[in-house]
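Okay, target28.json is below, JSON, C-alpha atoms:
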[["chain", "number", "residue", "atom", "x", "y", "z"],
["O", 226, "MET", "CA", 24.53, -40.01, -26.41],
["O", 227, "ILE", "CA", 21.72, -37.47, -26.65],
["O", 228, "LYS", "CA", 22.17, -34.03, -25.10],
["O", 229, "ARG", "CA", 19.27, -31.66, -24.56],
["O", 230, "TYR", "CA", 19.76, -27.93, -24.06],
["O", 231, "GLU", "CA", 17.53, -25.17, -22.72],
["O", 232, "GLY", "CA", 14.66, -27.44, -21.73],
["O", 233, "THR", "CA", 11.39, -25.81, -20.76],
["O", 234, "GLY", "CA", 9.57, -28.80, -19.32],
["O", 235, "ARG", "CA", 7.73, -29.08, -22.63],
["O", 236, "MET", "CA", 10.60, -29.13, -25.13],
["O", 237, "SER", "CA", 14.29, -28.43, -25.59],
["O", 238, "ARG", "CA", 15.46, -25.52, -27.72],
["O", 239, "VAL", "CA", 18.31, -27.67, -29.06],
["O", 240, "VAL", "CA", 18.94, -31.42, -29.08],
["O", 241, "GLU", "CA", 22.32, -32.89, -30.02],
["O", 242, "HIS", "CA", 22.90, -36.44, -31.27],
["O", 243, "ASN", "CA", 25.87, -37.84, -33.22],
["O", 244, "ASN", "CA", 27.34, -34.35, -33.84],
["O", 245, "THR", "CA", 24.04, -33.16, -35.27],
["O", 246, "LEU", "CA", 21.99, -30.30, -33.82],
["O", 247, "TYR", "CA", 18.21, -30.20, -33.99],
["O", 248, "LEU", "CA", 16.67, -26.79, -33.29],
["O", 249, "CYS", "CA", 13.07, -26.46, -32.16],
["O", 250, "GLY", "CA", 10.76, -24.23, -34.17],
["O", 251, "GLN", "CA", 12.06, -20.67, -34.14],
["O", 252, "THR", "CA", 9.51, -17.86, -34.24],
["O", 253, "GLU", "CA", 9.38, -14.12, -33.65],
["O", 254, "GLY", "CA", 6.18, -12.46, -32.56],
["O", 255, "LYS", "CA", 7.51, -9.04, -31.60],
["O", 256, "VAL", "CA", 7.58, -7.68, -35.15],
["O", 257, "GLU", "CA", 4.67, -7.54, -37.56],
["O", 258, "THR", "CA", 5.87, -8.33, -41.08],
["O", 259, "ALA", "CA", 7.01, -11.64, -42.52],
["O", 260, "LYS", "CA", 10.20, -9.90, -43.65],
["O", 261, "GLU", "CA", 11.05, -8.71, -40.13],
["O", 262, "GLN", "CA", 10.02, -12.01, -38.55],
["O", 263, "THR", "CA", 12.27, -13.88, -40.99],
["O", 264, "LYS", "CA", 15.24, -11.59, -40.24],
["O", 265, "SER", "CA", 14.78, -12.07, -36.51],
["O", 266, "ILE", "CA", 14.35, -15.85, -36.79],
["O", 267, "LEU", "CA", 17.51, -16.20, -38.87],
["O", 268, "LYS", "CA", 19.43, -14.20, -36.26],
["O", 269, "LYS", "CA", 18.11, -16.53, -33.52],
["O", 270, "ILE", "CA", 19.16, -19.55, -35.59],
["O", 271, "GLU", "CA", 22.66, -18.14, -36.07],
["O", 272, "ASN", "CA", 22.97, -17.46, -32.33],
["O", 273, "LEU", "CA", 21.81, -20.95, -31.32],
["O", 274, "LEU", "CA", 24.08, -22.64, -33.85],
["O", 275, "SER", "CA", 27.05, -20.60, -32.67],
["O", 276, "LYS", "CA", 26.29, -21.31, -29.01],
["O", 277, "TYR", "CA", 26.19, -25.08, -29.60],
["O", 278, "GLY", "CA", 29.07, -25.51, -32.05],
["O", 279, "SER", "CA", 27.84, -24.89, -35.59],
["O", 280, "ASP", "CA", 27.07, -22.14, -38.08],
["O", 281, "LYS", "CA", 24.84, -21.46, -41.07],
["O", 282, "LYS", "CA", 27.32, -23.10, -43.47],
["O", 283, "HIS", "CA", 26.69, -26.40, -41.67],
["O", 284, "ILE", "CA", 22.89, -26.38, -41.86],
["O", 285, "LEU", "CA", 21.71, -29.62, -43.43],
["O", 286, "SER", "CA", 17.98, -29.05, -43.61],
["O", 287, "VAL", "CA", 15.41, -26.35, -42.87],
["O", 288, "THR", "CA", 11.64, -26.61, -42.77],
["O", 289, "ILE", "CA", 9.87, -23.27, -43.09],
["O", 290, "TYR", "CA", 6.27, -22.90, -42.02],
["O", 291, "LEU", "CA", 4.29, -19.91, -43.28],
["O", 292, "SER", "CA", 0.88, -18.98, -41.91],
["O", 293, "GLU", "CA", -0.06, -18.12, -45.51],
["O", 294, "MET", "CA", 1.83, -18.73, -48.76],
["O", 295, "VAL", "CA", 1.30, -15.06, -49.61],
["O", 296, "TYR", "CA", 4.45, -14.48, -47.48],
["O", 297, "PHE", "CA", 6.60, -16.82, -49.59],
["O", 298, "GLU", "CA", 8.31, -14.18, -51.76],
["O", 299, "GLU", "CA", 8.81, -11.78, -48.85],
["O", 300, "MET", "CA", 10.42, -14.51, -46.75],
["O", 301, "ASN", "CA", 12.55, -15.73, -49.68],
["O", 302, "LYS", "CA", 14.03, -12.27, -50.28],
["O", 303, "VAL", "CA", 15.41, -12.29, -46.74],
["O", 304, "TRP", "CA", 16.42, -15.96, -46.94],
["O", 305, "ASP", "CA", 18.23, -15.54, -50.28],
["O", 306, "SER", "CA", 20.36, -12.68, -48.93],
["O", 307, "TRP", "CA", 21.16, -14.68, -45.75],
["O", 308, "VAL", "CA", 22.06, -18.12, -47.07],
["O", 309, "VAL", "CA", 25.69, -18.61, -48.13],
["O", 310, "GLU", "CA", 26.10, -19.51, -51.80],
["O", 311, "GLY", "CA", 27.46, -23.01, -52.11],
["O", 312, "PHE", "CA", 26.15, -23.94, -48.64],
["O", 313, "GLU", "CA", 22.41, -23.96, -49.33],
["O", 314, "PRO", "CA", 20.66, -26.56, -47.15],
["O", 315, "ALA", "CA", 17.90, -28.90, -48.20],
["O", 316, "ARG", "CA", 14.67, -26.99, -47.61],
["O", 317, "ALA", "CA", 10.92, -27.36, -47.57],
["O", 318, "THR", "CA", 8.37, -24.57, -47.19],
["O", 319, "VAL", "CA", 4.78, -25.30, -46.26],
["O", 320, "GLU", "CA", 1.69, -23.39, -45.28],
["O", 321, "ALA", "CA", 0.55, -24.23, -41.76],
["O", 322, "LYS", "CA", -1.64, -22.92, -39.00],
["O", 323, "LEU", "CA", 0.93, -21.64, -36.49],
["O", 324, "ALA", "CA", 0.55, -21.72, -32.70],
["O", 325, "ARG", "CA", -0.33, -18.04, -32.35],
["O", 326, "GLU", "CA", -2.26, -15.80, -34.73],
["O", 327, "HIS", "CA", 0.47, -13.11, -34.94],
["O", 328, "LEU", "CA", 3.14, -15.62, -36.02],
["O", 329, "LEU", "CA", 3.70, -15.56, -39.78],
["O", 330, "VAL", "CA", 6.93, -17.60, -40.08],
["O", 331, "GLU", "CA", 8.44, -20.52, -38.17],
["O", 332, "MET", "CA", 11.63, -22.45, -38.99],
["O", 333, "THR", "CA", 13.09, -25.73, -37.77],
["O", 334, "VAL", "CA", 16.74, -26.51, -38.44],
["O", 335, "ILE", "CA", 19.01, -29.55, -38.52],
["O", 336, "ALA", "CA", 22.73, -28.77, -38.61],
["O", 337, "ALA", "CA", 26.04, -30.59, -38.36],
["O", 338, "LYS", "CA", 28.44, -29.51, -35.65],
["O", 339, "ILE", "CA", 31.72, -28.01, -36.82]]
What's the structure tokens form of this structure?
Amino acid sequence: MIKRYEGTGRMSRVVEHNNTLYLCGQTEGKVETAKEQTKSILKKIENLLSKYGSDKKHILSVTIYLSEMVYFEEMNKVWDSWVVEGFEPARATVEAKLAREHLLVEMTVIAAKI
């Protein structure tokens, strides 16, 4: 069975299938730096995972989109202090043109339910 949560008519914020959660792309446009956007995005991810029965130790995979690779080190400093040692997910980071000019970082997440 597939469950869809927080649908907007265009997409769902979270989709659940076989005890796996799929989070839509998480962004933050209210702060200006890649560091602050990353912090805010990771907080959103933690909140969504908690709300739907998971946590950051159960993340299987993350895809990180950066508007420019110049933000890679800045984003990684925040990421490295957030991720739990021994529970690092599979991860890919790519440069991509994001939906809005002020967005510097976007993350999609796949996580197992607890």
With distances taken over all atoms listed in the file, which of O:Ser265, O:Thr252, O:Ser292, O:Thr245 is nearest to O:Tyr277?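 Smallest separation from O:Tyr277 among the options: O:Thr245.
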Option closest in space to O:Thr318, from O:Thr288, O:Thr263, O:Asn301, O:Glu293 [counting only C-alpha atoms]: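 Under the stated criterion, the closest residue is O:Thr288.
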Which value, in Å to one decimal, gives the distance between atom CA of O:Val287 and atom CA of O:Arg316?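 Interatomic distance, atom CA of O:Val287 to atom CA of O:Arg316: 4.8 Å.
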Point-to-point distance in Å for atom CA of O:Gln251 and atom CA of O:Arg235: 14.9 Å
Which is closest to O:His242 among O:Ile266, O:Val308, O:Met226, O:Met300, if we use all atoms listed in the file?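 For O:His242, the nearest of the given residues is O:Met226.
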Give as a list in words each residue that has an atom at most 8 Å from (7.2, -23.2, -40.8) in the file, counting all atoms listed in the file. Gly250, Thr288, Ile289, Tyr290, Leu291, Ser292, Thr318, Val319, Glu320, Ala321, Leu323, Val330, Glu331, Met332 and Thr333 of chain O
What are the closest atom pairs, with distances in Å to one decimal, for all residues of stretch 228-293 of chain O lying within 10 Å of stretch 310-313 of chain O? Consider only C-alpha atoms, order rows by chain and residue number, and present the result as a tab-separated table.
residue	atom	partner	partner_atom	distance
O:Lys281	CA	O:Phe312	CA	8.1
O:Lys282	CA	O:Phe312	CA	5.4
O:His283	CA	O:Phe312	CA	7.4
O:Ile284	CA	O:Glu313	CA	7.9
O:Leu285	CA	O:Glu313	CA	8.2
O:Ser286	CA	O:Glu313	CA	8.8
O:Val287	CA	O:Glu313	CA	9.8
Pairwise distance for atom CA of O:Ala336 and atom CA of O:Gln262, rounded to one decimal in Å: 21.0 Å
May I have the protein, DNA and RNA residues with an atom at most 7 Å from (9.0, -25.9, -30.2), counting only C-alpha atoms in the file's coordinates, returned as a ChimeraX atom specification? /O:236,238,249-250
Nearest candidate to O:Met294 (options O:Ala259, O:Arg229, O:Asn244, O:Val239; using only C-alpha atoms):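 Ranking O:Ala259, O:Arg229, O:Asn244, O:Val239 by distance to O:Met294, first place goes to O:Ala259.
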Box dimensions and centre (Å, one decimal) enclosing stretch 274-279 of chain O, axis-aligned, 3 Å extra per side, as AutoDock Vina command-line options:
--center_x 26.6 --center_y -23.1 --center_z -32.3 --size_x 11.0 --size_y 10.9 --size_z 12.6
What does chain O look like written to a file with C-alpha atoms, as a PDB file, in the first residue's frame?
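That gives us out.pdb:
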ATOM      1  CA  MET O 226       0.000   0.000   0.000  1.00  0.00           C
ATOM      2  CA  ILE O 227       1.199   3.497  -0.822  1.00  0.00           C
ATOM      3  CA  LYS O 228       0.379   6.367   1.535  1.00  0.00           C
ATOM      4  CA  ARG O 229       0.801   9.988   0.538  1.00  0.00           C
ATOM      5  CA  TYR O 230       1.049  12.784   3.092  1.00  0.00           C
ATOM      6  CA  GLU O 231       0.683  16.553   2.869  1.00  0.00           C
ATOM      7  CA  GLY O 232      -0.321  16.631  -0.781  1.00  0.00           C
ATOM      8  CA  THR O 233      -0.415  19.990  -2.505  1.00  0.00           C
ATOM      9  CA  GLY O 234      -2.177  19.033  -5.719  1.00  0.00           C
ATOM     10  CA  ARG O 235       1.234  18.966  -7.387  1.00  0.00           C
ATOM     11  CA  MET O 236       3.203  16.673  -5.079  1.00  0.00           C
ATOM     12  CA  SER O 237       3.247  15.041  -1.661  1.00  0.00           C
ATOM     13  CA  ARG O 238       5.750  16.120   0.965  1.00  0.00           C
ATOM     14  CA  VAL O 239       6.147  12.485   2.047  1.00  0.00           C
ATOM     15  CA  VAL O 240       5.259   9.172   0.397  1.00  0.00           C
ATOM     16  CA  GLU O 241       5.350   5.883   2.301  1.00  0.00           C
ATOM     17  CA  HIS O 242       5.699   2.442   0.721  1.00  0.00           C
ATOM     18  CA  ASN O 243       6.834  -0.833   2.334  1.00  0.00           C
ATOM     19  CA  ASN O 244       7.959   0.932   5.551  1.00  0.00           C
ATOM     20  CA  THR O 245      10.096   3.334   3.543  1.00  0.00           C
ATOM     21  CA  LEU O 246       9.623   7.110   3.527  1.00  0.00           C
ATOM     22  CA  TYR O 247      10.379   9.254   0.494  1.00  0.00           C
ATOM     23  CA  LEU O 248      10.665  12.977   1.210  1.00  0.00           C
ATOM     24  CA  CYS O 249      10.192  15.542  -1.531  1.00  0.00           C
ATOM     25  CA  GLY O 250      12.953  18.056  -2.137  1.00  0.00           C
ATOM     26  CA  GLN O 251      13.504  20.139   0.984  1.00  0.00           C
ATOM     27  CA  THR O 252      14.590  23.750   0.528  1.00  0.00           C
ATOM     28  CA  GLU O 253      14.845  26.925   2.578  1.00  0.00           C
ATOM     29  CA  GLY O 254      14.628  30.301   0.929  1.00  0.00           C
ATOM     30  CA  LYS O 255      14.240  32.509   3.992  1.00  0.00           C
ATOM     31  CA  VAL O 256      17.955  32.605   4.832  1.00  0.00           C
ATOM     32  CA  GLU O 257      20.744  33.703   2.530  1.00  0.00           C
ATOM     33  CA  THR O 258      23.794  31.489   3.046  1.00  0.00           C
ATOM     34  CA  ALA O 259      24.291  27.861   2.063  1.00  0.00           C
ATOM     35  CA  LYS O 260      25.278  27.163   5.669  1.00  0.00           C
ATOM     36  CA  GLU O 261      22.016  28.549   7.060  1.00  0.00           C
ATOM     37  CA  GLN O 262      19.927  26.939   4.315  1.00  0.00           C
ATOM     38  CA  THR O 263      21.544  23.576   5.065  1.00  0.00           C
ATOM     39  CA  LYS O 264      20.865  23.915   8.810  1.00  0.00           C
ATOM     40  CA  SER O 265      17.232  24.768   8.168  1.00  0.00           C
ATOM     41  CA  ILE O 266      16.753  21.968   5.633  1.00  0.00           C
ATOM     42  CA  LEU O 267      18.211  19.376   8.007  1.00  0.00           C
ATOM     43  CA  LYS O 268      15.835  20.570  10.730  1.00  0.00           C
ATOM     44  CA  LYS O 269      12.889  20.192   8.313  1.00  0.00           C
ATOM     45  CA  ILE O 270      14.072  16.689   7.424  1.00  0.00           C
ATOM     46  CA  GLU O 271      14.310  15.714  11.092  1.00  0.00           C
ATOM     47  CA  ASN O 272      10.806  17.064  11.744  1.00  0.00           C
ATOM     48  CA  LEU O 273       9.250  15.223   8.787  1.00  0.00           C
ATOM     49  CA  LEU O 274      10.990  11.966   9.655  1.00  0.00           C
ATOM     50  CA  SER O 275       9.844  12.225  13.261  1.00  0.00           C
ATOM     51  CA  LYS O 276       6.271  13.050  12.232  1.00  0.00           C
ATOM     52  CA  TYR O 277       6.039   9.981   9.979  1.00  0.00           C
ATOM     53  CA  GLY O 278       7.881   7.392  12.074  1.00  0.00           C
ATOM     54  CA  SER O 279      11.614   7.634  11.420  1.00  0.00           C
ATOM     55  CA  ASP O 280      14.731   9.579  12.378  1.00  0.00           C
ATOM     56  CA  LYS O 281      18.091  10.568  10.945  1.00  0.00           C
ATOM     57  CA  LYS O 282      19.676   7.261  12.018  1.00  0.00           C
ATOM     58  CA  HIS O 283      17.326   5.495   9.598  1.00  0.00           C
ATOM     59  CA  ILE O 284      18.088   7.578   6.508  1.00  0.00           C
ATOM     60  CA  LEU O 285      19.076   5.269   3.672  1.00  0.00           C
ATOM     61  CA  SER O 286      19.934   7.757   0.960  1.00  0.00           C
ATOM     62  CA  VAL O 287      20.194  11.513   0.419  1.00  0.00           C
ATOM     63  CA  THR O 288      20.608  13.437  -2.807  1.00  0.00           C
ATOM     64  CA  ILE O 289      21.904  16.962  -2.322  1.00  0.00           C
ATOM     65  CA  TYR O 290      21.495  19.546  -5.046  1.00  0.00           C
ATOM     66  CA  LEU O 291      23.654  22.669  -4.938  1.00  0.00           C
ATOM     67  CA  SER O 292      23.044  25.665  -7.178  1.00  0.00           C
ATOM     68  CA  GLU O 293      26.840  25.920  -7.457  1.00  0.00           C
ATOM     69  CA  MET O 294      29.567  23.532  -6.278  1.00  0.00           C
ATOM     70  CA  VAL O 295      31.256  26.490  -4.588  1.00  0.00           C
ATOM     71  CA  TYR O 296      28.848  25.749  -1.677  1.00  0.00           C
ATOM     72  CA  PHE O 297      30.059  22.152  -1.278  1.00  0.00           C
ATOM     73  CA  GLU O 298      32.459  22.712   1.636  1.00  0.00           C
ATOM     74  CA  GLU O 299      30.103  25.087   3.441  1.00  0.00           C
ATOM     75  CA  MET O 300      27.237  22.592   3.174  1.00  0.00           C
ATOM     76  CA  ASN O 301      29.483  19.669   4.208  1.00  0.00           C
ATOM     77  CA  LYS O 302      30.583  21.413   7.413  1.00  0.00           C
ATOM     78  CA  VAL O 303      26.955  21.555   8.535  1.00  0.00           C
ATOM     79  CA  TRP O 304      26.213  18.049   7.237  1.00  0.00           C
ATOM     80  CA  ASP O 305      29.246  16.497   8.957  1.00  0.00           C
ATOM     81  CA  SER O 306      28.241  17.916  12.345  1.00  0.00           C
ATOM     82  CA  TRP O 307      24.620  16.726  11.850  1.00  0.00           C
ATOM     83  CA  VAL O 308      25.017  13.171  10.593  1.00  0.00           C
ATOM     84  CA  VAL O 309      25.395  10.485  13.274  1.00  0.00           C
ATOM     85  CA  GLU O 310      28.680   8.586  13.079  1.00  0.00           C
ATOM     86  CA  GLY O 311      28.015   4.984  12.163  1.00  0.00           C
ATOM     87  CA  PHE O 312      24.668   5.896  10.569  1.00  0.00           C
ATOM     88  CA  GLU O 313      25.888   7.786   7.501  1.00  0.00           C
ATOM     89  CA  PRO O 314      23.485   7.291   4.579  1.00  0.00           C
ATOM     90  CA  ALA O 315      24.415   6.713   0.966  1.00  0.00           C
ATOM     91  CA  ARG O 316      24.738  10.173  -0.560  1.00  0.00           C
ATOM     92  CA  ALA O 317      25.187  11.986  -3.840  1.00  0.00           C
ATOM     93  CA  THR O 318      25.807  15.699  -4.312  1.00  0.00           C
ATOM     94  CA  VAL O 319      25.286  17.372  -7.658  1.00  0.00           C
ATOM     95  CA  GLU O 320      25.226  20.862  -9.076  1.00  0.00           C
ATOM     96  CA  ALA O 321      21.818  21.757 -10.481  1.00  0.00           C
ATOM     97  CA  LYS O 322      19.763  24.737 -11.510  1.00  0.00           C
ATOM     98  CA  LEU O 323      17.235  24.967  -8.665  1.00  0.00           C
ATOM     99  CA  ALA O 324      13.616  26.117  -9.021  1.00  0.00           C
ATOM    100  CA  ARG O 325      14.209  29.598  -7.605  1.00  0.00           C
ATOM    101  CA  GLU O 326      17.273  31.805  -7.893  1.00  0.00           C
ATOM    102  CA  HIS O 327      17.650  32.352  -4.113  1.00  0.00           C
ATOM    103  CA  LEU O 328      17.746  28.601  -3.385  1.00  0.00           C
ATOM    104  CA  LEU O 329      21.301  27.346  -2.899  1.00  0.00           C
ATOM    105  CA  VAL O 330      20.662  23.861  -1.441  1.00  0.00           C
ATOM    106  CA  GLU O 331      17.966  21.222  -1.891  1.00  0.00           C
ATOM    107  CA  MET O 332      17.860  17.707  -0.401  1.00  0.00           C
ATOM    108  CA  THR O 333      15.760  14.634  -1.105  1.00  0.00           C
ATOM    109  CA  VAL O 334      15.688  11.800   1.420  1.00  0.00           C
ATOM    110  CA  ILE O 335      14.764   8.123   1.521  1.00  0.00           C
ATOM    111  CA  ALA O 336      14.462   6.636   5.006  1.00  0.00           C
ATOM    112  CA  ALA O 337      13.328   3.425   6.654  1.00  0.00           C
ATOM    113  CA  LYS O 338      10.583   3.653   9.239  1.00  0.00           C
ATOM    114  CA  ILE O 339      11.550   2.696  12.780  1.00  0.00           C
TER     115      ILE O 339
END
